[in-house]
Amino acid sequence: MRLLLIEDEERLAEALAFILKKQNYGVDLTFDGETGQLMAESDAYDLIILDRMLPRKEGLNVLRDLRKQGIITPVLLLTAKDTVTDRVEGLDAGADDYLIKPFATEELLARIRALARRPSQQFLSEKLQVGDVLLDPSHSEVTIGEVSIKLTLKESSLLELLMRNPGQVITKEQILNRVWGLDSDVEMGNVEIYIHYLRKKLKTRTVKIETVRGLGYSLKEYH
Ligand code: CA
């Protein structure tokens, strides 16, 4: 699961990013609204944690613009204000939930888990199954039959992306954005290397990662 954190209080933002990464989330961080919006527009995230008061562009305006563009990524709004009007404003702008500062880390994590559980969303922290391959994304662990294998975080994110879209072609660019994040300077070649690792670890005949020439990869199930 990949999170975008848009928060201008740098110490808070960095502490949150640290905690979230320890929870096995992929995290990209930015300190202003304008950059945050650009990053969110890539649609590379499963969840956006958005502060309201931000330099260059206010959080609510970022949120409204994203929703106008059809970006439906769940947004958890962070706000220092706590009046009914503020809450209504936030929800009206398209926030899925909000958290009032200061908050306990535990509460933030609980809200993220709750948003991740919503059935309408694309991402879920539950296990995924295709063929006889069972993936537990929260523990980066794949089970095939009786055998469980630990994956690296990147391998797990990559497999998760493929398993959420079985039979569909996922481009290398989509993989780079979702697994490594937008600001990474990782090259396309890395995608190939990780696909190679994953293929070696997926010792099964029911599921295959196929190369779609010139496009990307597709997870195919065989009966
Ligand atoms: Ca702020």
# chains A, B, ... in the order shown; residues from 1 in each chain; ligands from 1

call {"tool": "residues_around", "arguments": {"residues": "Val191 of chain A", "least_positions_apart": "3", "cutoff": "10 Å", "atoms": "only C-alpha atoms", "output": "short mmCIF file (atom, residue, chain, number, x, y, z; two decimals) with C-alpha atoms, in the first residue's frame"}}
result
data_model
loop_
_atom_site.label_atom_id
_atom_site.label_comp_id
_atom_site.auth_asym_id
_atom_site.auth_seq_id
_atom_site.Cartn_x
_atom_site.Cartn_y
_atom_site.Cartn_z
CA LYS A 154 9.13 -4.09 -3.16
CA GLU A 155 8.47 -7.64 -4.33
CA LEU A 158 4.74 -5.54 -7.10
CA LYS A 172 6.31 -0.75 -16.50
CA GLU A 173 5.55 2.88 -15.83
CA ILE A 175 4.79 -0.43 -11.77
CA LEU A 176 7.49 2.20 -11.25
CA VAL A 179 6.05 0.36 -6.27
CA TRP A 180 8.89 2.87 -6.19
CA VAL A 186 14.89 4.02 -10.29
CA GLU A 187 15.17 2.88 -13.87
CA MET A 188 12.87 0.67 -15.91
CA TYR A 194 12.07 -7.55 -9.72
CA ILE A 195 9.79 -9.41 -12.13
CA HIS A 196 12.62 -11.90 -12.50
CA TYR A 197 12.93 -12.31 -8.70
CA GLY A 216 4.41 -4.53 -19.57
#

call {"tool": "closest_atom_pairs", "arguments": {"of": "chain A", "to": "ligand 1", "cutoff": "10 Å", "atoms": "only C-alpha atoms and all ligand atoms", "output": "Markdown table"}}
result
| residue | atom | partner | partner_atom_place_in_ligand_line | distance |
| --- | --- | --- | --- | --- |
| A:Ile6 | CA | ligand 1 | 1 (Ca) | 9.0 |
| A:Glu7 | CA | ligand 1 | 1 (Ca) | 5.9 |
| A:Asp8 | CA | ligand 1 | 1 (Ca) | 5.1 |
| A:Glu9 | CA | ligand 1 | 1 (Ca) | 5.8 |
| A:Glu10 | CA | ligand 1 | 1 (Ca) | 9.3 |
| A:Leu12 | CA | ligand 1 | 1 (Ca) | 9.9 |
| A:Ala13 | CA | ligand 1 | 1 (Ca) | 9.8 |
| A:Phe31 | CA | ligand 1 | 1 (Ca) | 8.7 |
| A:Asp32 | CA | ligand 1 | 1 (Ca) | 8.8 |
| A:Gly33 | CA | ligand 1 | 1 (Ca) | 9.8 |
| A:Leu50 | CA | ligand 1 | 1 (Ca) | 9.2 |
| A:Asp51 | CA | ligand 1 | 1 (Ca) | 5.7 |
| A:Arg52 | CA | ligand 1 | 1 (Ca) | 6.2 |
| A:Met53 | CA | ligand 1 | 1 (Ca) | 4.1 |
| A:Leu54 | CA | ligand 1 | 1 (Ca) | 4.8 |
| A:Pro55 | CA | ligand 1 | 1 (Ca) | 7.6 |
| A:Glu58 | CA | ligand 1 | 1 (Ca) | 9.0 |
| A:Gly59 | CA | ligand 1 | 1 (Ca) | 8.7 |
| A:Leu78 | CA | ligand 1 | 1 (Ca) | 8.5 |
| A:Thr79 | CA | ligand 1 | 1 (Ca) | 8.0 |
| A:Ala80 | CA | ligand 1 | 1 (Ca) | 8.1 |
| A:Lys101 | CA | ligand 1 | 1 (Ca) | 10.0 |

call {"tool": "residues_around", "arguments": {"residues": "Val75 of chain A", "least_positions_apart": "6", "cutoff": "9 Å", "atoms": "only C-alpha atoms", "output": "number ranges by chain"}}
result
A: 47-50, 63, 94-98, 115

call {"tool": "select_by_dssp", "arguments": {"residues": "segment 64-213 of chain A", "states": "strand (DSSP E or B)", "output": "number ranges by chain"}}
result
A: 75-79, 97-100, 128-130, 133-136, 141-144, 147-150, 169-171, 207-212

call {"tool": "atom_distance", "arguments": {"atom1": "atom CA of Tyr25 of chain A", "atom2": "atom CA of Gly145 of chain A"}}
result
26.6 Å

call {"tool": "residues_around", "arguments": {"residues": "Ser157 of chain A", "least_positions_apart": "6", "cutoff": "9 Å", "atoms": "only C-alpha atoms", "output": "ChimeraX atom specification"}}
result
/A:1-2,26,137,140,178-179

call {"tool": "write_last_selection", "arguments": {"atoms": "all heavy atoms", "output": "PDB file, in the first residue's frame"}}
result
ATOM      1  N   MET A   1       0.829  -1.187   0.000  1.00  0.00           N
ATOM      2  CA  MET A   1       0.000   0.000   0.000  1.00  0.00           C
ATOM      3  C   MET A   1       0.873   1.251   0.000  1.00  0.00           C
ATOM      4  O   MET A   1       1.834   1.335   0.724  1.00  0.00           O
ATOM      5  CB  MET A   1      -0.867  -0.024   1.267  1.00  0.00           C
ATOM      6  CG  MET A   1      -2.096   0.814   1.126  1.00  0.00           C
ATOM      7  SD  MET A   1      -3.207   0.504   2.504  1.00  0.00           S
ATOM      8  CE  MET A   1      -3.494   2.183   2.983  1.00  0.00           C
ATOM      9  N   ARG A   2       0.520   2.201  -0.849  1.00  0.00           N
ATOM     10  CA  ARG A   2       1.355   3.381  -1.012  1.00  0.00           C
ATOM     11  C   ARG A   2       0.598   4.627  -0.541  1.00  0.00           C
ATOM     12  O   ARG A   2      -0.511   4.879  -0.969  1.00  0.00           O
ATOM     13  CB  ARG A   2       1.713   3.493  -2.495  1.00  0.00           C
ATOM     14  CG  ARG A   2       2.733   4.497  -2.726  1.00  0.00           C
ATOM     15  CD  ARG A   2       3.757   4.181  -3.785  1.00  0.00           C
ATOM     16  NE  ARG A   2       4.895   4.992  -3.425  1.00  0.00           N
ATOM     17  CZ  ARG A   2       6.002   4.508  -2.906  1.00  0.00           C
ATOM     18  NH1 ARG A   2       6.144   3.228  -2.737  1.00  0.00           N
ATOM     19  NH2 ARG A   2       6.972   5.318  -2.560  1.00  0.00           N
ATOM     20  N   GLY A  26       4.384   2.036   1.926  1.00  0.00           N
ATOM     21  CA  GLY A  26       5.267   2.860   1.108  1.00  0.00           C
ATOM     22  C   GLY A  26       4.821   4.304   1.294  1.00  0.00           C
ATOM     23  O   GLY A  26       3.632   4.574   1.241  1.00  0.00           O
ATOM     24  N   PRO A 137      -0.237  -8.917   2.062  1.00  0.00           N
ATOM     25  CA  PRO A 137       0.554  -7.718   1.798  1.00  0.00           C
ATOM     26  C   PRO A 137       1.066  -7.048   3.076  1.00  0.00           C
ATOM     27  O   PRO A 137       2.134  -6.455   3.066  1.00  0.00           O
ATOM     28  CB  PRO A 137      -0.431  -6.775   1.086  1.00  0.00           C
ATOM     29  CG  PRO A 137      -1.589  -7.609   0.674  1.00  0.00           C
ATOM     30  CD  PRO A 137      -1.639  -8.757   1.623  1.00  0.00           C
ATOM     31  N   SER A 140       4.158  -8.957   3.845  1.00  0.00           N
ATOM     32  CA  SER A 140       5.023  -9.268   2.700  1.00  0.00           C
ATOM     33  C   SER A 140       5.309 -10.759   2.621  1.00  0.00           C
ATOM     34  O   SER A 140       6.451 -11.173   2.459  1.00  0.00           O
ATOM     35  CB  SER A 140       6.350  -8.497   2.783  1.00  0.00           C
ATOM     36  OG  SER A 140       6.113  -7.132   2.860  1.00  0.00           O
ATOM     37  N   ARG A 178       3.806   2.930  -8.790  1.00  0.00           N
ATOM     38  CA  ARG A 178       3.137   2.335  -7.629  1.00  0.00           C
ATOM     39  C   ARG A 178       4.125   1.714  -6.656  1.00  0.00           C
ATOM     40  O   ARG A 178       3.918   1.762  -5.457  1.00  0.00           O
ATOM     41  CB  ARG A 178       2.155   1.248  -8.077  1.00  0.00           C
ATOM     42  CG  ARG A 178       1.054   1.746  -8.943  1.00  0.00           C
ATOM     43  CD  ARG A 178       0.076   2.592  -8.184  1.00  0.00           C
ATOM     44  NE  ARG A 178      -0.728   1.830  -7.249  1.00  0.00           N
ATOM     45  CZ  ARG A 178      -1.954   2.190  -6.905  1.00  0.00           C
ATOM     46  NH1 ARG A 178      -2.515   3.255  -7.424  1.00  0.00           N
ATOM     47  NH2 ARG A 178      -2.619   1.485  -6.024  1.00  0.00           N
ATOM     48  N   VAL A 179       5.157   1.113  -7.156  1.00  0.00           N
ATOM     49  CA  VAL A 179       6.045   0.363  -6.271  1.00  0.00           C
ATOM     50  C   VAL A 179       7.192   1.228  -5.749  1.00  0.00           C
ATOM     51  O   VAL A 179       7.553   1.156  -4.586  1.00  0.00           O
ATOM     52  CB  VAL A 179       6.582  -0.902  -6.981  1.00  0.00           C
ATOM     53  CG1 VAL A 179       7.571  -1.653  -6.101  1.00  0.00           C
ATOM     54  CG2 VAL A 179       5.419  -1.819  -7.372  1.00  0.00           C
TER      55      VAL A 179
END

call {"tool": "select_by_dssp", "arguments": {"residues": "segment 6-220 of chain A", "states": "helix (DSSP H, G or I)", "output": "short mmCIF file (atom, residue, chain, number, x, y, z; two decimals) with C-alpha atoms, in the first residue's frame"}}
result
data_model
loop_
_atom_site.label_atom_id
_atom_site.label_comp_id
_atom_site.auth_asym_id
_atom_site.auth_seq_id
_atom_site.Cartn_x
_atom_site.Cartn_y
_atom_site.Cartn_z
CA GLU A 10 8.50 19.08 8.59
CA ARG A 11 9.30 17.46 11.92
CA LEU A 12 5.82 16.05 12.27
CA ALA A 13 5.79 14.96 8.64
CA GLU A 14 9.10 13.18 8.90
CA ALA A 15 8.14 11.48 12.16
CA LEU A 16 4.89 10.28 10.60
CA ALA A 17 6.64 9.05 7.48
CA PHE A 18 9.06 7.12 9.67
CA ILE A 19 6.26 5.48 11.66
CA LEU A 20 4.26 4.64 8.54
CA LYS A 21 7.26 3.06 6.84
CA LYS A 22 7.79 0.90 9.91
CA GLY A 33 -0.08 21.78 -1.47
CA GLU A 34 0.89 22.47 -5.04
CA THR A 35 3.48 19.70 -5.24
CA GLY A 36 1.16 17.44 -3.29
CA GLN A 37 -1.58 17.92 -5.83
CA LEU A 38 0.75 17.16 -8.74
CA MET A 39 1.88 13.97 -7.04
CA ALA A 40 -1.69 12.95 -6.22
CA GLU A 41 -2.76 13.54 -9.81
CA GLY A 59 -5.44 21.51 1.57
CA LEU A 60 -9.16 21.90 0.89
CA ASN A 61 -8.49 23.43 -2.53
CA VAL A 62 -6.12 20.60 -3.36
CA LEU A 63 -8.81 18.13 -2.37
CA ARG A 64 -11.57 19.86 -4.35
CA ASP A 65 -9.39 20.00 -7.45
CA LEU A 66 -8.47 16.34 -7.16
CA ARG A 67 -12.09 15.28 -6.87
CA LYS A 68 -13.02 17.51 -9.83
CA VAL A 84 -18.73 21.60 12.98
CA THR A 85 -18.26 23.97 10.04
CA ASP A 86 -14.69 22.79 9.55
CA ARG A 87 -15.72 19.16 9.57
CA VAL A 88 -18.56 19.73 7.13
CA GLU A 89 -16.29 21.76 4.86
CA GLY A 90 -13.74 18.97 4.81
CA LEU A 91 -16.25 16.24 4.07
CA ASP A 92 -18.00 18.38 1.46
CA THR A 105 -0.09 7.97 16.28
CA GLU A 106 -2.23 4.98 17.19
CA GLU A 107 -5.30 6.85 16.13
CA LEU A 108 -3.79 7.80 12.79
CA LEU A 109 -2.87 4.18 12.15
CA ALA A 110 -6.35 3.02 13.10
CA ARG A 111 -7.93 5.54 10.70
CA ILE A 112 -5.65 4.40 7.89
CA ARG A 113 -6.59 0.77 8.54
CA ALA A 114 -10.27 1.70 8.59
CA LEU A 115 -10.00 3.51 5.25
CA ALA A 116 -8.10 0.56 3.83
CA ARG A 117 -10.92 -1.78 4.85
CA PRO A 137 0.55 -7.72 1.80
CA SER A 138 0.75 -6.48 5.39
CA HIS A 139 3.44 -9.06 6.17
CA LEU A 153 8.66 -4.98 0.51
CA LYS A 154 9.13 -4.09 -3.16
CA GLU A 155 8.47 -7.64 -4.33
CA SER A 156 5.34 -7.74 -2.22
CA SER A 157 4.07 -4.39 -3.56
CA LEU A 158 4.74 -5.54 -7.10
CA LEU A 159 2.95 -8.84 -6.63
CA GLU A 160 0.08 -7.06 -4.90
CA LEU A 161 -0.34 -4.74 -7.88
CA LEU A 162 -0.40 -7.69 -10.29
CA MET A 163 -2.76 -9.73 -8.09
CA ARG A 164 -5.23 -6.87 -7.78
CA LYS A 172 6.31 -0.75 -16.50
CA GLU A 173 5.55 2.88 -15.83
CA GLN A 174 2.58 1.99 -13.64
CA ILE A 175 4.79 -0.43 -11.77
CA LEU A 176 7.49 2.20 -11.25
CA ASN A 177 4.93 4.71 -9.95
CA ARG A 178 3.14 2.33 -7.63
CA VAL A 179 6.05 0.36 -6.27
CA TRP A 180 8.89 2.87 -6.19
CA MET A 188 12.87 0.67 -15.91
CA GLY A 189 15.49 -2.06 -15.77
CA ASN A 190 14.76 -2.49 -12.09
CA VAL A 191 11.21 -3.50 -12.88
CA GLU A 192 12.55 -6.31 -15.04
CA ILE A 193 14.87 -7.43 -12.28
CA TYR A 194 12.07 -7.55 -9.72
CA ILE A 195 9.79 -9.41 -12.13
CA HIS A 196 12.62 -11.90 -12.50
CA TYR A 197 12.93 -12.31 -8.70
CA LEU A 198 9.19 -12.77 -8.36
CA ARG A 199 9.01 -15.38 -11.08
CA LYS A 200 11.72 -17.34 -9.32
CA LYS A 201 9.84 -17.22 -6.05
#

call {"tool": "residues_around", "arguments": {"residues": "Asp132 of chain A", "least_positions_apart": "3", "cutoff": "12 Å", "atoms": "only C-alpha atoms", "output": "MDAnalysis selection string"}}
result
chainID A and resid 128:129 135 142:148 163 202:208 221:223

call {"tool": "write_last_selection", "arguments": {"atoms": "N, CA and C atoms", "output": "CSV table (one decimal), in the first residue's frame"}}
result
chain,number,residue,atom,x,y,z
A,128,LEU,N,-4.8,-11.6,-0.5
A,128,LEU,CA,-5.2,-11.7,-1.9
A,128,LEU,C,-4.9,-13.1,-2.4
A,129,GLN,N,-5.8,-13.6,-3.2
A,129,GLN,CA,-5.6,-15.0,-3.8
A,129,GLN,C,-5.8,-15.0,-5.3
A,135,LEU,N,-1.4,-14.0,-1.0
A,135,LEU,CA,-0.4,-13.0,-0.6
A,135,LEU,C,-1.0,-12.2,0.6
A,142,VAL,N,4.1,-14.6,1.0
A,142,VAL,CA,3.3,-15.3,0.0
A,142,VAL,C,3.3,-16.8,0.3
A,143,THR,N,2.1,-17.3,0.2
A,143,THR,CA,2.0,-18.8,0.5
A,143,THR,C,1.4,-19.5,-0.7
A,144,ILE,N,2.1,-20.6,-1.1
A,144,ILE,CA,1.7,-21.4,-2.2
A,144,ILE,C,1.6,-22.8,-1.6
A,145,GLY,N,0.4,-23.3,-1.6
A,145,GLY,CA,0.2,-24.6,-0.9
A,145,GLY,C,0.6,-24.6,0.5
A,146,GLU,N,1.6,-25.4,0.9
A,146,GLU,CA,2.0,-25.4,2.3
A,146,GLU,C,3.2,-24.5,2.6
A,147,VAL,N,3.7,-24.0,1.5
A,147,VAL,CA,5.0,-23.3,1.6
A,147,VAL,C,4.8,-21.7,1.7
A,148,SER,N,5.4,-21.1,2.7
A,148,SER,CA,5.3,-19.7,2.9
A,148,SER,C,6.7,-19.1,2.6
A,163,MET,N,-1.7,-8.9,-8.6
A,163,MET,CA,-2.8,-9.7,-8.1
A,163,MET,C,-4.1,-9.0,-8.0
A,202,LEU,N,7.8,-17.5,-7.3
A,202,LEU,CA,6.4,-18.1,-7.5
A,202,LEU,C,6.5,-19.5,-8.1
A,203,LYS,N,6.8,-20.5,-7.3
A,203,LYS,CA,6.9,-21.8,-7.8
A,203,LYS,C,5.5,-22.5,-7.8
A,204,THR,N,4.8,-22.2,-8.9
A,204,THR,CA,3.5,-22.8,-9.1
A,204,THR,C,3.2,-22.8,-10.6
A,205,ARG,N,2.2,-23.7,-10.9
A,205,ARG,CA,1.8,-23.7,-12.3
A,205,ARG,C,0.5,-23.0,-12.5
A,206,THR,N,-0.1,-22.6,-11.4
A,206,THR,CA,-1.5,-22.0,-11.6
A,206,THR,C,-1.4,-20.5,-12.0
A,207,VAL,N,-0.3,-19.9,-11.7
A,207,VAL,CA,-0.2,-18.5,-11.9
A,207,VAL,C,1.2,-18.2,-12.6
A,208,LYS,N,1.1,-17.3,-13.6
A,208,LYS,CA,2.3,-16.9,-14.3
A,208,LYS,C,2.3,-15.4,-14.6
A,221,GLU,N,-3.8,-16.6,-14.8
A,221,GLU,CA,-4.1,-17.8,-14.0
A,221,GLU,C,-4.4,-19.0,-15.0
A,222,TYR,N,-3.9,-20.1,-14.6
A,222,TYR,CA,-4.1,-21.3,-15.4
A,222,TYR,C,-4.8,-22.4,-14.5
A,223,HIS,N,-5.7,-23.0,-15.1
A,223,HIS,CA,-6.5,-24.1,-14.3
A,223,HIS,C,-6.0,-25.5,-14.7

call {"tool": "atom_distance", "arguments": {"atom1": "atom CA of Lys57 of chain A", "atom2": "atom CA of Ile71 of chain A"}}
result
17.4 Å

call {"tool": "closest_residue", "arguments": {"among": "A:Leu99, A:Val169, A:Leu219, A:Val212", "to": "Val133 of chain A", "atoms": "only C-alpha atoms"}}
result
A:Leu219
